[in-house]
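Visitor: Dropping in input-v5.cif, with mmCIF, C-alpha atoms.
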data_final
loop_
_atom_site.label_atom_id
_atom_site.label_comp_id
_atom_site.auth_asym_id
_atom_site.auth_seq_id
_atom_site.Cartn_x
_atom_site.Cartn_y
_atom_site.Cartn_z
CA MET A 1 -37.79 -46.85 71.00
CA GLU A 2 -37.75 -43.18 70.54
CA HIS A 3 -37.37 -42.68 74.26
CA GLY A 4 -34.59 -45.24 74.29
CA PHE A 5 -32.65 -43.60 71.49
CA LEU A 6 -33.08 -40.09 72.83
CA ALA A 7 -32.20 -41.28 76.33
CA ARG A 8 -28.97 -42.82 75.08
CA ILE A 9 -27.97 -39.59 73.35
CA ILE A 10 -28.63 -37.59 76.52
CA ASP A 11 -26.62 -40.08 78.61
CA ARG A 12 -23.75 -39.82 76.18
CA VAL A 13 -23.74 -36.00 76.26
CA VAL A 14 -23.75 -36.03 80.09
CA ALA A 15 -20.86 -38.51 80.16
CA ASN A 16 -18.87 -36.38 77.73
CA ALA A 17 -19.56 -33.30 79.84
CA ARG A 18 -18.12 -35.04 82.91
CA VAL A 19 -14.93 -35.85 80.95
CA ILE A 20 -14.67 -32.26 79.78
CA ARG A 21 -15.01 -31.01 83.38
CA GLY A 22 -12.36 -33.40 84.47
CA ALA A 23 -9.73 -32.36 81.89
CA PRO A 24 -10.60 -28.96 80.37
CA GLU A 25 -7.00 -28.20 79.24
CA ALA A 26 -6.83 -31.30 77.05
CA VAL A 27 -10.20 -30.60 75.45
CA ALA A 28 -9.25 -26.96 74.91
CA LEU A 29 -5.93 -28.02 73.36
CA VAL A 30 -7.71 -30.48 71.03
CA GLY A 31 -10.17 -27.71 70.08
CA ILE A 32 -7.36 -25.22 69.39
CA VAL A 33 -5.40 -27.76 67.31
CA THR A 34 -8.55 -28.63 65.38
CA LEU A 35 -9.31 -24.98 64.74
CA GLY A 36 -5.67 -24.32 63.67
CA ILE A 37 -5.61 -27.25 61.26
CA SER A 38 -8.98 -26.18 59.84
CA TYR A 39 -7.74 -22.60 59.48
CA PHE A 40 -4.57 -23.68 57.65
CA ALA A 41 -6.53 -26.07 55.42
CA PHE A 42 -9.04 -23.36 54.47
CA GLN A 43 -6.21 -20.86 54.04
CA HIS A 44 -4.39 -23.27 51.69
CA LEU A 45 -7.54 -23.88 49.66
CA HIS A 46 -8.17 -20.13 49.53
CA HIS A 47 -4.59 -19.44 48.32
CA GLU A 48 -4.94 -22.10 45.60
CA ARG A 49 -8.18 -20.53 44.42
CA VAL A 50 -6.67 -17.03 44.50
CA ALA A 51 -3.58 -18.25 42.58
CA ALA A 52 -5.79 -19.88 39.94
CA LEU A 53 -7.82 -16.69 39.59
CA SER A 54 -4.61 -14.59 39.45
CA ASP A 55 -3.26 -16.81 36.65
CA ARG A 56 -6.52 -16.47 34.78
CA ILE A 57 -6.48 -12.67 35.18
CA ALA A 58 -2.85 -12.50 34.02
CA SER A 59 -3.69 -14.64 30.98
CA GLN A 60 -6.64 -12.41 30.12
CA GLU A 61 -4.49 -9.28 30.58
CA ARG A 62 -1.88 -10.71 28.17
CA LEU A 63 -4.64 -11.51 25.70
CA LEU A 64 -6.06 -8.01 26.12
CA ALA A 65 -2.60 -6.46 25.57
CA ASP A 66 -2.21 -8.59 22.44
CA TYR A 67 -5.62 -7.43 21.17
CA ARG A 68 -4.71 -3.80 21.90
CA THR A 69 -1.48 -4.22 19.93
CA LYS A 70 -3.39 -5.74 17.04
CA LEU A 71 -5.98 -2.97 17.30
CA LYS A 72 -3.24 -0.32 17.09
CA GLY A 73 -1.87 -2.10 14.03
CA ALA A 74 -5.35 -2.26 12.56
CA GLU A 75 -5.88 1.44 13.29
CA ALA A 76 -2.58 2.25 11.56
CA ALA A 77 -3.61 0.05 8.64
CA ALA A 78 -7.00 1.76 8.54
CA ALA A 79 -5.28 5.16 8.45
CA GLN A 80 -3.00 3.94 5.65
CA ILE A 81 -6.00 2.56 3.77
CA GLU A 82 -7.77 5.91 4.20
CA LYS A 83 -4.71 7.75 2.81
CA LEU A 84 -4.47 5.36 -0.14
CA THR A 85 -8.21 5.65 -0.79
CA SER A 86 -8.03 9.44 -0.89
CA SER A 87 -4.91 9.29 -3.08
CA LEU A 88 -6.69 6.88 -5.43
CA ALA A 89 -9.73 9.17 -5.54
CA ARG A 90 -7.49 12.14 -6.45
CA ALA A 91 -5.72 10.07 -9.12
CA GLN A 92 -9.05 8.91 -10.57
CA GLU A 93 -10.34 12.49 -10.62
CA SER A 94 -7.14 13.63 -12.31
CA LEU A 95 -7.46 10.82 -14.87
CA ARG A 96 -11.11 11.67 -15.49
CA GLN A 97 -10.19 15.31 -16.06
CA ALA A 98 -7.30 14.32 -18.32
CA LYS A 99 -9.63 12.13 -20.38
CA THR A 100 -12.33 14.80 -20.72
CA THR A 101 -10.12 17.88 -21.16
CA PRO A 102 -8.82 18.23 -24.70
CA VAL A 103 -5.08 18.85 -24.99
CA SER A 104 -3.83 21.26 -27.59
CA ILE A 105 -1.70 19.58 -30.22
CA GLU A 106 0.84 22.37 -30.00
CA LYS A 107 1.45 21.53 -26.34
CA GLN A 108 2.24 17.90 -26.98
CA SER A 109 5.90 17.03 -26.92
CA ARG A 110 7.42 16.07 -30.22
CA ASP A 111 10.23 13.75 -31.13
CA PRO A 112 13.19 16.08 -31.88
CA ARG A 113 14.44 13.72 -34.63
CA ARG A 114 11.24 13.78 -36.69
CA LEU A 115 9.84 15.96 -39.45
CA TYR A 116 6.14 16.74 -39.08
CA GLU A 117 3.46 17.63 -41.59
CA GLY A 118 0.84 19.45 -39.58
CA ASN A 119 0.83 17.42 -36.40
CA SER A 120 1.69 14.06 -37.90
CA PRO A 121 5.22 12.68 -37.91
CA ILE A 122 6.24 11.77 -41.46
CA ALA A 123 10.01 11.33 -41.46
CA LEU A 124 12.88 10.32 -39.22
CA THR A 125 16.08 12.38 -39.50
CA GLN A 126 19.69 11.79 -38.49
CA ASP A 127 22.36 14.32 -37.41
CA PRO A 128 20.91 17.57 -38.83
CA LYS A 129 23.37 20.39 -39.58
CA VAL A 130 21.72 23.73 -38.78
CA ASP A 131 23.02 26.96 -40.34
CA LEU A 132 20.96 29.80 -38.88
CA GLU A 133 22.83 32.50 -40.87
CA LYS A 134 21.82 30.94 -44.20
CA LYS A 135 18.52 29.72 -42.68
CA LYS A 136 18.98 26.17 -43.85
CA ILE A 137 19.16 22.69 -42.36
CA THR A 138 20.96 19.81 -44.03
CA PHE A 139 19.97 16.29 -43.05
CA PRO A 140 22.54 13.63 -44.06
CA ILE A 141 19.86 10.89 -44.02
CA VAL A 142 16.05 11.14 -43.89
CA ASN A 143 13.71 8.14 -43.96
CA ALA A 144 10.16 9.21 -44.78
CA ALA A 145 6.84 7.39 -44.91
CA VAL A 146 5.70 9.63 -47.78
CA ILE A 147 7.37 11.38 -50.73
CA LEU A 148 8.50 14.80 -49.55
CA ALA A 149 7.19 17.50 -51.87
CA THR A 150 9.13 20.67 -52.61
CA ASN A 151 6.15 22.99 -52.27
CA MET A 152 4.96 21.64 -48.88
CA MET A 153 5.65 23.14 -45.49
CA TYR A 154 7.08 20.81 -42.84
CA GLU A 155 7.94 21.31 -39.18
CA PHE A 156 11.13 20.38 -37.39
CA HIS A 157 11.69 21.37 -33.74
CA ASP A 158 10.12 24.86 -33.59
CA TRP A 159 10.77 25.79 -37.23
CA LYS A 160 8.69 25.72 -40.37
CA LEU A 161 10.63 24.34 -43.34
CA THR A 162 10.40 23.73 -47.06
CA CYS A 163 12.55 20.93 -48.38
CA GLY A 164 13.72 20.16 -51.82
CA GLY A 165 17.43 19.95 -52.39
CA THR A 166 18.40 16.29 -52.44
CA GLN A 167 20.93 14.35 -54.43
CA THR A 168 19.63 10.82 -53.90
CA TYR A 169 16.13 9.48 -53.37
CA ASN A 170 15.47 5.76 -52.97
CA MET A 171 12.32 3.82 -52.33
CA VAL A 172 12.73 1.02 -49.82
CA ASN A 173 9.94 -1.54 -50.05
CA ASP A 174 9.64 -4.30 -47.49
CA ALA A 175 6.64 -6.47 -46.75
CA ALA A 176 5.37 -4.18 -43.98
CA ALA A 177 5.45 -0.68 -45.50
CA ARG A 178 7.04 1.55 -48.13
CA GLU A 179 9.70 3.99 -47.05
CA PHE A 180 11.51 6.74 -48.95
CA SER A 181 15.11 7.50 -48.14
CA TYR A 182 16.76 10.87 -48.90
CA SER A 183 20.50 11.40 -48.67
CA PRO A 184 21.20 14.29 -48.10
CA LEU A 185 18.10 16.49 -47.77
CA THR A 186 18.42 20.28 -47.61
CA CYS A 187 15.59 22.35 -46.18
CA ARG A 188 15.08 26.10 -45.88
CA ILE A 189 13.94 27.61 -42.53
CA LEU A 190 10.86 29.80 -43.16
CA GLY A 191 10.28 30.82 -39.54
CA ASN A 192 8.94 29.56 -36.24
CA ARG A 193 5.84 27.42 -36.07
#
How does the structure come out when it is put into structure tokens?
Guide:
Amino acid sequence: MEHGFLARIIDRVVANARVIRGAPEAVALVGIVTLGISYFAFQHLHHERVAALSDRIASQERLLADYRTKLKGAEAAAAQIEKLTSSLARAQESLRQAKTTPVSIEKQSRDPRRLYEGNSPIALTQDPKVDLEKKKITFPIVNAAVILATNMMYEFHDWKLTCGGTQTYNMVNDAAAREFSYSPLTCRILGNR
């Protein structure tokens, strides 16, 4: 059977060779058309594959550009965070120094409407009339937390004062605290504090 099968194949090849010798132009034309169709088919498949790869590359480039944009934003944010961190560190250092460094009482700002005993505010004044020639200050109304003594030295603005000349003195007592009201109160300027 093997000789029969092999013999048939050989007979078939010989018969085909006789046909090819008889009409070589037709066989050549069929071969060229077959090769052309195969070429165009492979070319089309190749273009589809290249187009798919090009789309994928373009998508990845867009994604990469988006990541770069986000990275630039993140770098700007990191720089801003670094600036804020250093600013916070400076502020914390300044606060720490302010907490540990004692401040002179004389340097603290004072309320210009208040009378002070030492460094404590004791009275609230209204509309003082200052006469520097006579070295006296007249306060139309003074509300004090304590009774103002005539032999005590008080401070108002940058002056040292002694007070004593008053016509009316009233004690106002409400539930929260006692208050003494003077109307008017005359004080003598002793000098600068």
Visitor: Figure out the distance between atom CA of A:Leu84 and atom CA of A:Ala65, please, to one decimal in Å.
Guide: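 Straight-line distance from atom CA of A:Ala65 to atom CA of A:Leu84 works out to 28.4 Å.
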Visitor: Looking at A:Tyr116, A:Phe42, A:Phe139, A:Phe156, which one is nearest to A:Ser181, with distances taken over all atoms listed in the file?
Guide: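 Checking each of A:Tyr116, A:Phe42, A:Phe139, A:Phe156 against A:Ser181, counting all atoms listed in the file, the winner is A:Phe139.
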Visitor: Which residues match the PyMOL selection byres ((chain A and resi 150) around 12) in the file above, as a list in words?
Guide: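 Checked against the file, the PyMOL selection byres ((chain A and resi 150) around 12) matches Ile147, Leu148, Ala149, Asn151, Met152, Met153, Tyr154, Leu161, Thr162, Cys163, Gly164, Gly165, Thr166, Leu185, Thr186, Cys187 and Arg188 of chain A.
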Visitor: Between A:Asn16, A:Gln126, A:Thr85, A:Asp158, which is the closest to A:Ser109 once you count only C-alpha atoms?
Guide: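 Using only C-alpha atoms, the shortest distance to A:Ser109 belongs to A:Asp158.
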Visitor: Counting only C-alpha atoms, give me one row per residue of stretch 45-102 of chain A with an atom at most 12 Å from an atom of stretch 28-40 of chain A, showing the shortest contact pair and its distance in Å to one decimal, sorted by chain then residue number, as CSV.
Guide:
residue,atom,partner,partner_atom,distance
A:Leu45,CA,A:Phe40,CA,8.5
A:His46,CA,A:Phe40,CA,9.6
A:His47,CA,A:Phe40,CA,10.2
